[in-house]
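Below is the file my_file_11.csv, which contains CSV, C-alpha atoms.
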```
chain,number,residue,atom,x,y,z
X,1,MET,CA,0.0,0.0,0.0
X,2,SER,CA,1.1,3.5,-0.8
X,3,ASN,CA,2.3,6.0,1.9
X,4,PRO,CA,-1.0,7.4,3.4
X,5,ASN,CA,0.7,10.7,4.1
X,6,ALA,CA,1.0,11.2,0.3
X,7,LEU,CA,-2.6,10.3,-0.4
X,8,LEU,CA,-5.0,12.9,-1.7
X,9,HIS,CA,-7.8,14.3,0.6
X,10,ARG,CA,-11.2,13.4,-0.7
X,11,ARG,CA,-12.8,16.8,-0.3
X,12,ASP,CA,-9.9,18.6,-2.0
X,13,VAL,CA,-10.4,16.2,-4.9
X,14,VAL,CA,-14.1,16.8,-5.1
X,15,ASN,CA,-13.8,20.6,-4.7
X,16,GLU,CA,-11.4,20.6,-7.6
X,17,LEU,CA,-13.5,18.3,-9.8
X,18,LEU,CA,-16.5,20.7,-9.2
X,19,ARG,CA,-14.6,24.0,-9.6
X,20,ASP,CA,-16.5,26.4,-11.8
X,21,ARG,CA,-19.0,23.6,-12.4
X,22,ALA,CA,-21.2,25.6,-14.8
X,23,ASP,CA,-24.0,23.3,-16.0
X,24,LEU,CA,-22.2,20.1,-15.1
X,25,LEU,CA,-24.6,17.3,-14.0
X,26,VAL,CA,-23.3,15.3,-11.0
X,27,ILE,CA,-24.3,11.9,-9.6
X,28,GLY,CA,-22.9,11.3,-6.1
X,29,GLY,CA,-22.6,7.6,-5.1
X,30,LEU,CA,-23.9,6.1,-1.9
X,31,GLY,CA,-21.8,6.9,1.2
X,32,ALA,CA,-19.0,9.4,1.6
X,33,PRO,CA,-19.0,10.5,-2.0
X,34,ASN,CA,-22.5,11.8,-1.5
X,35,TRP,CA,-21.3,13.8,1.6
X,36,ASP,CA,-18.2,15.0,-0.4
X,37,VAL,CA,-20.4,16.3,-3.3
X,38,SER,CA,-22.7,18.0,-0.8
X,39,ALA,CA,-19.8,19.5,1.1
X,40,ALA,CA,-18.7,21.2,-2.1
X,41,GLY,CA,-22.1,22.9,-2.2
X,42,ASP,CA,-25.7,21.7,-2.5
X,43,HIS,CA,-26.9,22.2,-6.0
X,44,PRO,CA,-30.0,21.2,-8.0
X,45,ASN,CA,-27.8,19.6,-10.6
X,46,ASN,CA,-26.5,17.1,-8.1
X,47,PHE,CA,-28.2,13.7,-7.7
X,48,PRO,CA,-26.8,12.4,-4.5
X,49,LEU,CA,-27.6,8.8,-3.7
X,50,TRP,CA,-28.8,7.6,-0.2
X,51,GLY,CA,-29.1,4.0,-1.4
X,52,ALA,CA,-29.1,2.1,-4.7
X,53,MET,CA,-25.6,0.9,-4.1
X,54,GLY,CA,-23.9,-0.1,-7.4
X,55,GLY,CA,-26.2,2.1,-9.5
X,56,ALA,CA,-24.3,5.4,-9.7
X,57,SER,CA,-22.4,4.8,-13.0
X,58,MET,CA,-25.5,3.4,-14.8
X,59,ILE,CA,-27.6,6.4,-13.7
X,60,GLY,CA,-24.8,8.4,-15.2
X,61,LEU,CA,-25.1,6.4,-18.5
X,62,GLY,CA,-28.8,6.9,-18.8
X,63,LEU,CA,-28.5,10.6,-18.1
X,64,ALA,CA,-25.6,11.0,-20.5
X,65,LEU,CA,-27.6,9.3,-23.3
X,66,ALA,CA,-30.7,11.4,-22.5
X,67,GLN,CA,-28.7,14.7,-22.4
X,68,PRO,CA,-25.9,14.4,-25.0
X,69,LYS,CA,-25.2,18.2,-24.9
X,70,ARG,CA,-24.6,18.3,-21.2
X,71,LYS,CA,-21.6,16.9,-19.3
X,72,VAL,CA,-22.2,14.2,-16.7
X,73,LEU,CA,-19.8,13.4,-13.9
X,74,VAL,CA,-20.3,10.4,-11.6
X,75,ILE,CA,-18.4,10.7,-8.3
X,76,THR,CA,-18.5,7.4,-6.4
X,77,GLY,CA,-16.5,5.1,-4.2
X,78,ASP,CA,-14.5,2.0,-4.8
X,79,GLY,CA,-17.0,-0.2,-2.9
X,80,GLU,CA,-19.9,1.2,-4.8
X,81,MET,CA,-18.2,0.8,-8.1
X,82,LEU,CA,-17.1,-2.8,-7.4
X,83,MET,CA,-20.7,-3.8,-6.6
X,84,ASN,CA,-21.6,-3.4,-10.2
X,85,ILE,CA,-18.2,-3.6,-11.9
X,86,GLY,CA,-20.0,-5.0,-15.0
X,87,SER,CA,-21.4,-1.6,-15.6
X,88,LEU,CA,-18.0,-0.6,-17.0
X,89,ALA,CA,-18.6,-3.1,-19.8
X,90,SER,CA,-22.1,-1.8,-20.5
X,91,ILE,CA,-20.8,1.8,-20.5
X,92,ALA,CA,-17.7,1.1,-22.6
X,93,VAL,CA,-19.9,-0.3,-25.4
X,94,GLU,CA,-22.1,2.8,-25.4
X,95,ALA,CA,-19.2,5.1,-25.0
X,96,PRO,CA,-21.0,8.4,-24.5
X,97,LYS,CA,-18.6,11.3,-25.0
X,98,ASN,CA,-20.1,13.3,-22.1
X,99,LEU,CA,-19.7,10.8,-19.3
X,100,THR,CA,-16.8,10.8,-16.7
X,101,ILE,CA,-16.6,8.4,-13.8
X,102,ALA,CA,-14.4,9.4,-10.9
X,103,VAL,CA,-13.9,6.7,-8.3
X,104,LEU,CA,-12.7,8.0,-4.9
X,105,ASP,CA,-10.7,5.0,-3.9
X,106,ASN,CA,-9.9,4.8,-0.2
X,107,GLU,CA,-9.6,1.0,-0.4
X,108,ARG,CA,-12.3,0.8,2.3
X,109,PHE,CA,-16.0,0.3,3.0
X,110,GLY,CA,-16.0,3.6,4.8
X,111,GLU,CA,-19.6,3.7,6.2
X,112,THR,CA,-19.4,0.2,7.8
X,113,GLY,CA,-16.2,0.3,9.8
X,114,MET,CA,-13.5,0.9,7.3
X,115,GLN,CA,-13.2,-2.8,6.2
X,116,LYS,CA,-10.8,-3.3,3.3
X,117,THR,CA,-12.2,-3.5,-0.2
X,118,PRO,CA,-10.6,-5.6,-3.0
X,119,THR,CA,-8.7,-2.5,-4.2
X,120,ALA,CA,-6.7,-2.7,-0.9
X,121,SER,CA,-5.4,-6.0,-2.2
X,122,GLY,CA,-4.4,-4.5,-5.5
X,123,VAL,CA,-7.5,-4.8,-7.7
X,124,ASP,CA,-6.9,-2.2,-10.4
X,125,LEU,CA,-10.2,-0.5,-11.4
X,126,ALA,CA,-8.6,1.6,-14.0
X,127,ALA,CA,-7.2,-1.5,-15.7
X,128,ILE,CA,-10.6,-3.1,-15.6
X,129,ALA,CA,-12.1,0.0,-17.3
X,130,THR,CA,-9.3,0.0,-19.9
X,131,ALA,CA,-9.9,-3.7,-20.5
X,132,CYS,CA,-13.6,-3.0,-21.0
X,133,GLY,CA,-12.7,-0.5,-23.7
X,134,ILE,CA,-12.8,2.9,-21.9
X,135,ARG,CA,-9.6,4.3,-23.5
X,136,THR,CA,-9.3,7.3,-21.2
X,137,SER,CA,-8.8,5.5,-18.0
X,138,ARG,CA,-6.2,6.2,-15.4
X,139,ILE,CA,-5.1,6.1,-11.8
X,140,VAL,CA,-4.9,9.5,-10.2
X,141,ARG,CA,-2.5,10.3,-7.4
X,142,THR,CA,-1.8,14.1,-7.5
X,143,MET,CA,-3.8,17.2,-7.5
X,144,ALA,CA,-2.4,18.1,-10.9
X,145,GLU,CA,-3.9,14.9,-12.3
X,146,VAL,CA,-7.2,15.8,-10.6
X,147,THR,CA,-7.2,19.1,-12.4
X,148,GLU,CA,-6.6,17.3,-15.7
X,149,LEU,CA,-9.5,15.0,-14.9
X,150,ARG,CA,-11.7,18.0,-14.0
X,151,ASP,CA,-10.9,19.4,-17.4
X,152,LEU,CA,-11.7,16.1,-19.2
X,153,ALA,CA,-15.0,15.9,-17.4
X,154,HIS,CA,-16.0,19.5,-18.3
X,155,GLU,CA,-14.8,19.1,-22.0
X,156,GLY,CA,-16.6,15.8,-22.6
X,157,ARG,CA,-14.4,14.5,-25.4
X,158,GLY,CA,-15.0,10.8,-24.7
X,159,THR,CA,-16.0,8.5,-21.8
X,160,ALA,CA,-13.4,8.8,-19.1
X,161,PHE,CA,-12.7,6.8,-16.0
X,162,ALA,CA,-10.4,7.6,-13.1
X,163,GLN,CA,-9.5,5.7,-9.9
X,164,ILE,CA,-8.4,8.4,-7.5
X,165,LYS,CA,-6.3,7.1,-4.6
X,166,ILE,CA,-7.4,9.0,-1.5
X,167,ASN,CA,-6.7,9.0,2.2
X,168,PRO,CA,-9.0,6.7,4.2
X,169,GLU,CA,-10.0,9.6,6.5
X,170,ALA,CA,-13.5,9.7,8.1
X,171,LEU,CA,-14.9,13.2,7.8
X,172,VAL,CA,-18.0,15.0,9.1
X,173,PHE,CA,-21.1,14.1,7.2
X,174,VAL,CA,-22.5,16.9,5.0
X,175,MET,CA,-25.9,15.8,4.0
X,176,PRO,CA,-28.1,16.9,1.0
X,177,PRO,CA,-31.9,16.6,1.2
X,178,ALA,CA,-32.8,13.0,1.8
X,179,ASP,CA,-36.2,13.0,0.1
X,180,GLY,CA,-35.8,11.3,-3.2
X,181,VAL,CA,-38.8,13.1,-4.7
X,182,ILE,CA,-37.2,16.5,-3.8
X,183,LEU,CA,-33.9,15.4,-5.3
X,184,THR,CA,-35.5,14.1,-8.5
X,185,THR,CA,-37.9,16.9,-9.0
X,186,ARG,CA,-35.5,19.7,-8.5
X,187,PHE,CA,-32.9,18.0,-10.7
X,188,ARG,CA,-35.5,17.6,-13.5
X,189,GLN,CA,-36.7,21.1,-13.1
X,190,SER,CA,-33.2,22.5,-13.3
X,191,VAL,CA,-32.3,20.4,-16.4
X,192,LEU,CA,-35.5,20.3,-18.3
X,193,GLY,CA,-37.2,23.5,-17.1
X,194,ASP,CA,-40.6,24.0,-15.5
X,195,GLU,CA,-42.1,21.8,-18.1
X,196,ALA,CA,-40.7,18.9,-16.0
X,197,LEU,CA,-43.3,19.7,-13.4
X,198,PHE,CA,-46.1,18.9,-15.8
X,199,ASN,CA,-45.1,15.5,-17.1
N,200,MET,CA,-46.1,-24.3,-55.8
N,201,ALA,CA,-49.5,-23.5,-54.4
N,202,GLU,CA,-48.8,-25.9,-51.6
N,203,ALA,CA,-45.5,-24.1,-50.7
N,204,ALA,CA,-47.2,-20.7,-50.8
N,205,LYS,CA,-50.0,-22.1,-48.6
N,206,SER,CA,-47.5,-23.5,-46.1
N,207,ARG,CA,-45.6,-20.2,-46.0
N,208,SER,CA,-48.7,-18.2,-45.4
N,209,GLU,CA,-49.7,-20.6,-42.6
N,210,ALA,CA,-46.3,-20.2,-41.1
N,211,ALA,CA,-46.7,-16.4,-41.2
N,212,ALA,CA,-50.1,-16.6,-39.6
N,213,ALA,CA,-48.7,-18.7,-36.9
N,214,LEU,CA,-46.1,-16.1,-36.0
N,215,PRO,CA,-47.2,-14.2,-32.9
N,216,THR,CA,-48.1,-10.6,-33.6
N,217,TRP,CA,-47.8,-9.3,-30.1
N,218,PRO,CA,-44.1,-8.4,-30.3
N,219,ASP,CA,-44.9,-6.0,-33.2
N,220,GLU,CA,-47.9,-4.7,-31.4
N,221,ILE,CA,-45.9,-3.8,-28.2
N,222,TYR,CA,-43.2,-2.3,-30.3
N,223,ARG,CA,-45.8,0.2,-31.7
N,224,VAL,CA,-47.2,0.7,-28.2
N,225,LEU,CA,-43.8,1.5,-26.8
N,226,LYS,CA,-43.0,3.8,-29.7
N,227,ASP,CA,-46.3,5.7,-29.1
N,228,ALA,CA,-45.3,5.9,-25.4
N,229,GLY,CA,-42.2,7.8,-26.4
N,230,ILE,CA,-39.6,5.1,-25.5
N,231,ARG,CA,-36.1,6.2,-26.4
N,232,GLN,CA,-33.9,3.9,-24.3
N,233,VAL,CA,-34.2,0.2,-24.2
N,234,ALA,CA,-32.2,-1.5,-21.5
N,235,MET,CA,-32.1,-5.3,-21.7
N,236,VAL,CA,-30.6,-8.7,-20.9
N,237,PRO,CA,-31.9,-10.7,-23.8
N,238,ASP,CA,-34.5,-13.5,-23.6
N,239,ALA,CA,-35.8,-15.6,-26.4
N,240,GLY,CA,-39.3,-14.3,-25.8
N,241,HIS,CA,-38.1,-10.7,-26.4
N,242,SER,CA,-35.9,-11.4,-29.5
N,243,ARG,CA,-38.4,-10.1,-32.1
N,244,LEU,CA,-39.0,-6.9,-30.1
N,245,ILE,CA,-35.3,-6.4,-29.6
N,246,ARG,CA,-34.7,-6.7,-33.3
N,247,SER,CA,-37.3,-4.1,-34.0
N,248,PHE,CA,-35.7,-1.6,-31.6
N,249,GLU,CA,-32.2,-2.4,-32.9
N,250,ALA,CA,-33.4,-1.5,-36.4
N,251,ASP,CA,-34.9,1.8,-35.1
N,252,PRO,CA,-32.5,4.7,-35.3
N,253,GLU,CA,-34.6,6.7,-32.7
N,254,THR,CA,-34.0,4.2,-29.9
N,255,ARG,CA,-30.8,3.2,-28.0
N,256,VAL,CA,-30.6,-0.4,-27.1
N,257,VAL,CA,-28.2,-1.0,-24.2
N,258,THR,CA,-27.1,-4.6,-23.4
N,259,LEU,CA,-26.6,-5.0,-19.6
N,260,THR,CA,-24.4,-7.4,-17.7
N,261,THR,CA,-27.1,-7.7,-15.0
N,262,GLU,CA,-30.6,-6.4,-15.0
N,263,GLU,CA,-30.2,-4.1,-12.0
N,264,GLU,CA,-28.0,-1.9,-14.2
N,265,GLY,CA,-31.1,-1.2,-16.2
N,266,VAL,CA,-33.1,0.0,-13.3
N,267,ALA,CA,-30.4,2.5,-12.5
N,268,MET,CA,-29.9,3.5,-16.2
N,269,LEU,CA,-33.6,4.2,-16.7
N,270,ALA,CA,-33.6,6.4,-13.5
N,271,GLY,CA,-30.8,8.4,-15.2
N,272,ALA,CA,-32.8,8.5,-18.4
N,273,TRP,CA,-35.8,9.9,-16.5
N,274,LEU,CA,-33.6,12.5,-14.8
N,275,GLY,CA,-32.5,13.6,-18.2
N,276,GLY,CA,-36.0,13.7,-19.6
N,277,GLU,CA,-36.1,10.5,-21.6
N,278,ARG,CA,-38.4,7.5,-21.3
N,279,GLY,CA,-37.1,3.9,-21.4
N,280,VAL,CA,-38.1,0.3,-21.0
N,281,LEU,CA,-36.4,-2.6,-19.3
N,282,LEU,CA,-36.7,-6.0,-21.1
N,283,LEU,CA,-35.8,-9.0,-19.0
N,284,GLN,CA,-36.5,-12.6,-18.1
N,285,SER,CA,-38.2,-13.5,-14.8
N,286,SER,CA,-34.9,-14.8,-13.4
N,287,GLY,CA,-33.5,-11.3,-13.9
N,288,VAL,CA,-36.1,-9.8,-11.6
N,289,GLY,CA,-34.2,-11.3,-8.8
N,290,ASN,CA,-31.2,-9.3,-9.8
N,291,CYS,CA,-33.1,-6.0,-9.5
N,292,ILE,CA,-34.5,-6.1,-6.0
N,293,ASN,CA,-32.4,-3.6,-4.0
N,294,MET,CA,-32.1,-1.3,-7.0
N,295,LEU,CA,-35.9,-1.0,-7.2
N,296,SER,CA,-35.6,1.2,-4.1
N,297,LEU,CA,-34.5,4.0,-6.4
N,298,PRO,CA,-37.6,4.4,-8.6
N,299,VAL,CA,-39.8,3.6,-5.6
N,300,ILE,CA,-38.4,6.2,-3.2
N,301,CYS,CA,-37.8,8.8,-5.9
N,302,HIS,CA,-41.3,8.4,-7.5
N,303,MET,CA,-39.8,7.7,-10.9
N,304,PRO,CA,-41.5,5.8,-13.6
N,305,LEU,CA,-40.0,2.3,-14.5
N,306,LEU,CA,-41.6,0.1,-17.1
N,307,MET,CA,-40.4,-3.5,-17.0
N,308,ILE,CA,-41.5,-6.2,-19.5
N,309,VAL,CA,-40.7,-9.6,-18.1
N,310,THR,CA,-40.9,-12.8,-20.0
N,311,MET,CA,-41.7,-15.7,-17.7
N,312,ARG,CA,-39.9,-18.9,-17.0
N,313,GLY,CA,-40.7,-21.3,-14.2
N,314,ASP,CA,-44.4,-20.8,-15.0
N,315,TRP,CA,-46.9,-22.7,-17.1
N,316,GLY,CA,-45.3,-25.9,-18.7
N,317,GLU,CA,-41.8,-25.3,-17.5
N,318,PHE,CA,-39.5,-28.3,-18.0
N,319,ASN,CA,-36.4,-27.0,-16.1
N,320,PRO,CA,-36.7,-27.4,-12.3
N,321,TRP,CA,-34.0,-24.7,-11.7
N,322,GLN,CA,-36.3,-22.1,-13.2
N,323,ILE,CA,-39.1,-22.7,-10.7
N,324,PRO,CA,-37.9,-20.8,-7.6
N,325,MET,CA,-37.4,-17.4,-9.3
N,326,GLY,CA,-40.3,-17.9,-11.7
N,327,GLN,CA,-42.7,-18.5,-8.8
N,328,GLY,CA,-41.0,-15.8,-6.8
N,329,THR,CA,-41.2,-13.1,-9.5
N,330,ARG,CA,-44.6,-11.6,-8.7
N,331,PRO,CA,-44.2,-11.7,-4.9
N,332,SER,CA,-40.7,-10.2,-5.1
N,333,LEU,CA,-41.8,-7.3,-7.3
N,334,GLU,CA,-44.9,-6.7,-5.2
N,335,ALA,CA,-42.8,-6.8,-2.0
N,336,MET,CA,-40.7,-3.9,-3.4
N,337,GLY,CA,-43.7,-1.8,-4.4
N,338,VAL,CA,-43.8,-2.6,-8.1
N,339,ILE,CA,-47.3,-2.8,-9.7
N,340,VAL,CA,-47.6,-6.1,-11.5
N,341,ASN,CA,-49.9,-7.2,-14.3
N,342,LYS,CA,-49.6,-10.7,-15.6
N,343,VAL,CA,-50.9,-11.6,-19.1
N,344,ASP,CA,-51.5,-15.1,-20.3
N,345,GLU,CA,-53.2,-14.5,-23.6
N,346,PRO,CA,-51.5,-13.3,-26.7
N,347,HIS,CA,-54.2,-10.9,-27.8
N,348,LEU,CA,-54.1,-9.1,-24.4
N,349,VAL,CA,-50.3,-8.4,-24.4
N,350,ALA,CA,-50.4,-5.1,-26.2
N,351,SER,CA,-53.2,-3.6,-24.0
N,352,ALA,CA,-51.3,-4.8,-20.9
N,353,VAL,CA,-48.2,-3.0,-22.0
N,354,GLN,CA,-50.1,0.1,-23.0
N,355,GLY,CA,-51.8,0.2,-19.6
N,356,ALA,CA,-48.5,-0.4,-17.8
N,357,ALA,CA,-46.8,2.4,-19.8
N,358,ASN,CA,-49.6,4.9,-19.0
N,359,LEU,CA,-49.5,3.9,-15.3
N,360,ALA,CA,-45.7,4.2,-15.1
N,361,PHE,CA,-45.2,7.5,-16.9
N,362,ASN,CA,-48.4,9.3,-15.7
N,363,THR,CA,-48.1,8.2,-12.0
N,364,TRP,CA,-44.3,7.8,-11.6
N,365,LYS,CA,-44.5,4.2,-10.5
N,366,PRO,CA,-42.5,1.1,-11.3
N,367,VAL,CA,-44.8,-1.2,-13.2
N,368,ALA,CA,-44.0,-4.7,-14.5
N,369,VAL,CA,-45.9,-6.7,-17.2
N,370,LEU,CA,-45.3,-10.4,-16.8
N,371,ILE,CA,-45.8,-12.3,-20.1
N,372,GLY,CA,-46.6,-15.9,-19.2
N,373,GLN,CA,-45.4,-19.1,-20.7
N,374,ARG,CA,-48.9,-19.7,-22.1
N,375,VAL,CA,-48.1,-16.8,-24.4
N,376,LEU,CA,-44.5,-17.6,-25.1
N,377,GLY,CA,-44.7,-21.3,-25.3
N,378,ALA,CA,-42.8,-23.6,-22.9
N,379,LYS,CA,-39.4,-24.9,-24.1
N,380,ASN,CA,-38.7,-28.6,-23.7
N,381,PHE,CA,-35.0,-29.2,-23.9
N,382,LYS,CA,-35.5,-32.9,-23.3
N,383,GLU,CA,-37.4,-33.2,-26.5
N,384,LEU,CA,-34.7,-31.2,-28.3
N,385,ALA,CA,-32.0,-33.5,-26.9
N,386,ARG,CA,-33.8,-36.5,-28.4
N,387,LYS,CA,-33.9,-35.0,-31.9
```

Translate this file's structure into structure tokens.
Amino acid sequence: MSNPNALLHRRDVVNELLRDRADLLVIGGLGAPNWDVSAAGDHPNNFPLWGAMGGASMIGLGLALAQPKRKVLVITGDGEMLMNIGSLASIAVEAPKNLTIAVLDNERFGETGMQKTPTASGVDLAAIATACGIRTSRIVRTMAEVTELRDLAHEGRGTAFAQIKINPEALVFVMPPADGVILTTRFRQSVLGDEALFN
Amino acid sequence: MAEAAKSRSEAAAALPTWPDEIYRVLKDAGIRQVAMVPDAGHSRLIRSFEADPETRVVTLTTEEEGVAMLAGAWLGGERGVLLLQSSGVGNCINMLSLPVICHMPLLMIVTMRGDWGEFNPWQIPMGQGTRPSLEAMGVIVNKVDEPHLVASAVQGAANLAFNTWKPVAVLIGQRVLGAKNFKELARK
């Protein structure tokens, strides 16, 4: 395992990914990534997940296909991504240009007592994404690389995947609204306009 | 010659029409994304969607991916349908929390196994568990066992899903699909 002192801090990473977010659409995966996205600022264009473990990336796919002119960024954790790792195959085949998946990899199931995930034993998510056919796929270890990833996500020139090695720190929870109807309705109203309220 | 033509027209008449009917129903309902794990019973409908430049057909590695994908589609203003076999319903259970708690539409068209005339005992547990599992999760279920009722069942389910933001499943029974018998096939 790498030197924990050199590992990135998750909220620095997410703040940078969401810097000048403009009309970026963001899916926050169950657990700490939800709190990280919310800590960067509650926003109607966030869809933070309080459940549906394993679903974040595929929600991103459906959204990216429905909104090809908007950029979609999925921010999730290693445990959440591993639960439906096959999604990377489904997504690679569709290859929407406007979808980026950023996995905050602390090598832990953080919400349940910091038990190790398979990435702690060397499972290489970026290599899995590459093998599925996502050509822009990388492991990120520095803030300069986070900035590059931020730019890729905002430019939307091809499906991108990143496994971002972060410190396994437990931070204060910053919670978005928990009501799924509020999250869904305000997201749709923001993206689709007031018309969304009438259908 | 006349005999051959007659047998061809008889074969055409024997082809079920409901897959083409539900394709039209789903088009009229504005379906743009088709998420699926294939089943033989859905093969004709899948071919229709694959030939349709207005729809995106996404092959999943497991059916729960489709529940999540169609939630994303709805967030982005598109309507979709999930095509799956009854065994795949079991793979969806926890992910169904998403449309249930968010009041999102979800239209599932499920072809049954482990139902009428099943020959494979391993299909029975999930086949018999399909309806109760869906209902336990809050999905509205309508099973159809007659070919001429399939299209109206799908139309009603689509209206219910997209007008009332509910997950709705149509189960197409083996009386409609015909039951396979691999034992007979093995003897041939």

Compile the contact shell of Leu65 (chain X) as an NGL selection string: residues with an atom at most 10 Å away, counting all atoms listed in the file, same-chain residues fewer than 2 positions apart removed. (:X and (60-63 or 67-70 or 72 or 94-99)) or (:N and (231-232 or 255 or 268 or 271-272 or 275 or 277))

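Between chain X and the candidates N:Asn358, N:Ser332, N:Thr363, N:Thr260, the tightest atom-to-atom separation, counting all atoms listed in the file, involves N:Thr260.
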
List as a Markdown table every residue of chain N that is in contact with chain X, defined as an atom at most 12 Å from one of its atoms (using all atoms listed in the file), together with the nearest atom pair and the distance in Å rounded to one decimal, sorted by chain and then rising number.
```
| residue | atom | partner | partner_atom | distance |
| --- | --- | --- | --- | --- |
| N:Ile230 | CA | X:Ala66 | CA | 11.3 |
| N:Arg231 | CA | X:Ala66 | CA | 8.5 |
| N:Gln232 | CA | X:Gly62 | CA | 8.1 |
| N:Val233 | CA | X:Gly62 | CA | 10.2 |
| N:Ala234 | CA | X:Gly62 | CA | 9.5 |
| N:Met235 | CA | X:Ser90 | CA | 10.7 |
| N:Val236 | CA | X:Ser90 | CA | 11.0 |
| N:Glu253 | CA | X:Ala66 | CA | 11.9 |
| N:Thr254 | CA | X:Leu65 | CA | 10.5 |
| N:Arg255 | CA | X:Leu65 | CA | 8.3 |
| N:Val256 | CA | X:Glu94 | CA | 9.2 |
| N:Val257 | CA | X:Ser90 | CA | 7.2 |
| N:Thr258 | CA | X:Ser90 | CA | 6.4 |
| N:Leu259 | CA | X:Ser90 | CA | 5.6 |
| N:Thr260 | CA | X:Gly86 | CA | 5.7 |
| N:Thr261 | CA | X:Gly86 | CA | 7.6 |
| N:Glu262 | CA | X:Ser87 | CA | 10.4 |
| N:Glu263 | CA | X:Gly55 | CA | 7.8 |
| N:Glu264 | CA | X:Met58 | CA | 5.9 |
| N:Gly265 | CA | X:Met58 | CA | 7.4 |
| N:Val266 | CA | X:Gly55 | CA | 8.2 |
| N:Ala267 | CA | X:Ile59 | CA | 4.9 |
| N:Met268 | CA | X:Gly62 | CA | 4.4 |
| N:Leu269 | CA | X:Gly62 | CA | 5.9 |
| N:Ala270 | CA | X:Ile59 | CA | 6.0 |
| N:Gly271 | CA | X:Ile59 | CA | 4.1 |
| N:Ala272 | CA | X:Gly62 | CA | 4.3 |
| N:Trp273 | CA | X:Leu63 | CA | 7.5 |
| N:Leu274 | CA | X:Arg188 | CA | 5.6 |
| N:Gly275 | CA | X:Leu63 | CA | 5.0 |
| N:Gly276 | CA | X:Ala66 | CA | 6.5 |
| N:Glu277 | CA | X:Ala66 | CA | 5.5 |
| N:Arg278 | CA | X:Ala66 | CA | 8.7 |
| N:Gly279 | CA | X:Gly62 | CA | 9.2 |
| N:Val280 | CA | X:Gly62 | CA | 11.6 |
| N:Asn290 | CA | X:Asn84 | CA | 11.3 |
| N:Cys291 | CA | X:Ala52 | CA | 10.2 |
| N:Ile292 | CA | X:Ala52 | CA | 9.9 |
| N:Asn293 | CA | X:Ala52 | CA | 6.6 |
| N:Met294 | CA | X:Ala52 | CA | 5.1 |
| N:Leu295 | CA | X:Ala52 | CA | 7.9 |
| N:Ser296 | CA | X:Ala52 | CA | 6.6 |
| N:Leu297 | CA | X:Ala52 | CA | 6.0 |
| N:Pro298 | CA | X:Gly180 | CA | 8.9 |
| N:Val299 | CA | X:Gly180 | CA | 9.0 |
| N:Ile300 | CA | X:Gly180 | CA | 5.7 |
| N:Cys301 | CA | X:Gly180 | CA | 4.2 |
| N:His302 | CA | X:Val181 | CA | 6.0 |
| N:Met303 | CA | X:Thr184 | CA | 8.1 |
| N:Pro304 | CA | X:Asn199 | CA | 10.9 |
| N:Asn358 | CA | X:Asn199 | CA | 11.7 |
| N:Ala360 | CA | X:Asn199 | CA | 11.5 |
| N:Phe361 | CA | X:Asn199 | CA | 8.0 |
| N:Asn362 | CA | X:Asn199 | CA | 7.2 |
| N:Thr363 | CA | X:Asn199 | CA | 9.4 |
| N:Trp364 | CA | X:Asn199 | CA | 9.5 |
```

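We find CA of Glu169 (chain X) and CA of Glu111 (chain X) to be spaced 11.3 Å apart.
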
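Going from CA of Ala162 (chain X) over to CA of Ala102 (chain X), you cover 4.9 Å.
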
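Between His9 (chain X) and the candidates X:Ile75, X:Val123, X:Leu171, X:Ile128, the tightest atom-to-atom separation, counting all atoms listed in the file, involves X:Leu171.
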
If you measure from CA of Val367 (chain N) to CA of Pro324 (chain N), what distance in Å do you get, rounded to one decimal? 21.5 Å

So that I can see what lies close to region 368-371 of chain N, please list as a count of residues only the residues with an atom at most 6 Å from it, counting only C-alpha atoms and leaving out residues fewer than 6 positions away in the same chain. 10

Write out as a ChimeraX atom specification each polymer residue whose atoms come within 12 Å of Lys116 (chain X), counting all atoms listed in the file; drop sequence neighbours fewer than 4 positions from it. /X:1,78-79,105-112,120-123,168

If you count all atoms listed in the file, the residue of X:Thr130, X:Ser190, X:Thr100, X:Thr119 closest to Val74 (chain X) turns out to be X:Thr100

If we count all atoms listed in the file, what is near Ser286 (chain N) at a cut-off of 9 Å, once residues fewer than 5 positions away on the same chain are taken out, given as a PyMOL selection string? chain N and resi 311-313+322+324-326+329

Output C-alpha atoms of each residue in that selection to a file, as a PDB file, keeping the file's coordinate frame.
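Saved the output as part.pdb:
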```pdb
ATOM      1  CA  MET N 311     -41.700 -15.700 -17.700  1.00  0.00           C
ATOM      2  CA  ARG N 312     -39.900 -18.900 -17.000  1.00  0.00           C
ATOM      3  CA  GLY N 313     -40.700 -21.300 -14.200  1.00  0.00           C
ATOM      4  CA  GLN N 322     -36.300 -22.100 -13.200  1.00  0.00           C
ATOM      5  CA  PRO N 324     -37.900 -20.800  -7.600  1.00  0.00           C
ATOM      6  CA  MET N 325     -37.400 -17.400  -9.300  1.00  0.00           C
ATOM      7  CA  GLY N 326     -40.300 -17.900 -11.700  1.00  0.00           C
ATOM      8  CA  THR N 329     -41.200 -13.100  -9.500  1.00  0.00           C
TER       9      THR N 329
END
```

Considering only C-alpha atoms, return as a PyMOL selection string whatever protein or nucleic-acid residues lie within 8 Å of Gly316 (chain N), sequence-local ones (same chain, fewer than 2 positions apart) excluded. chain N and resi 313-314+318+373-374+378
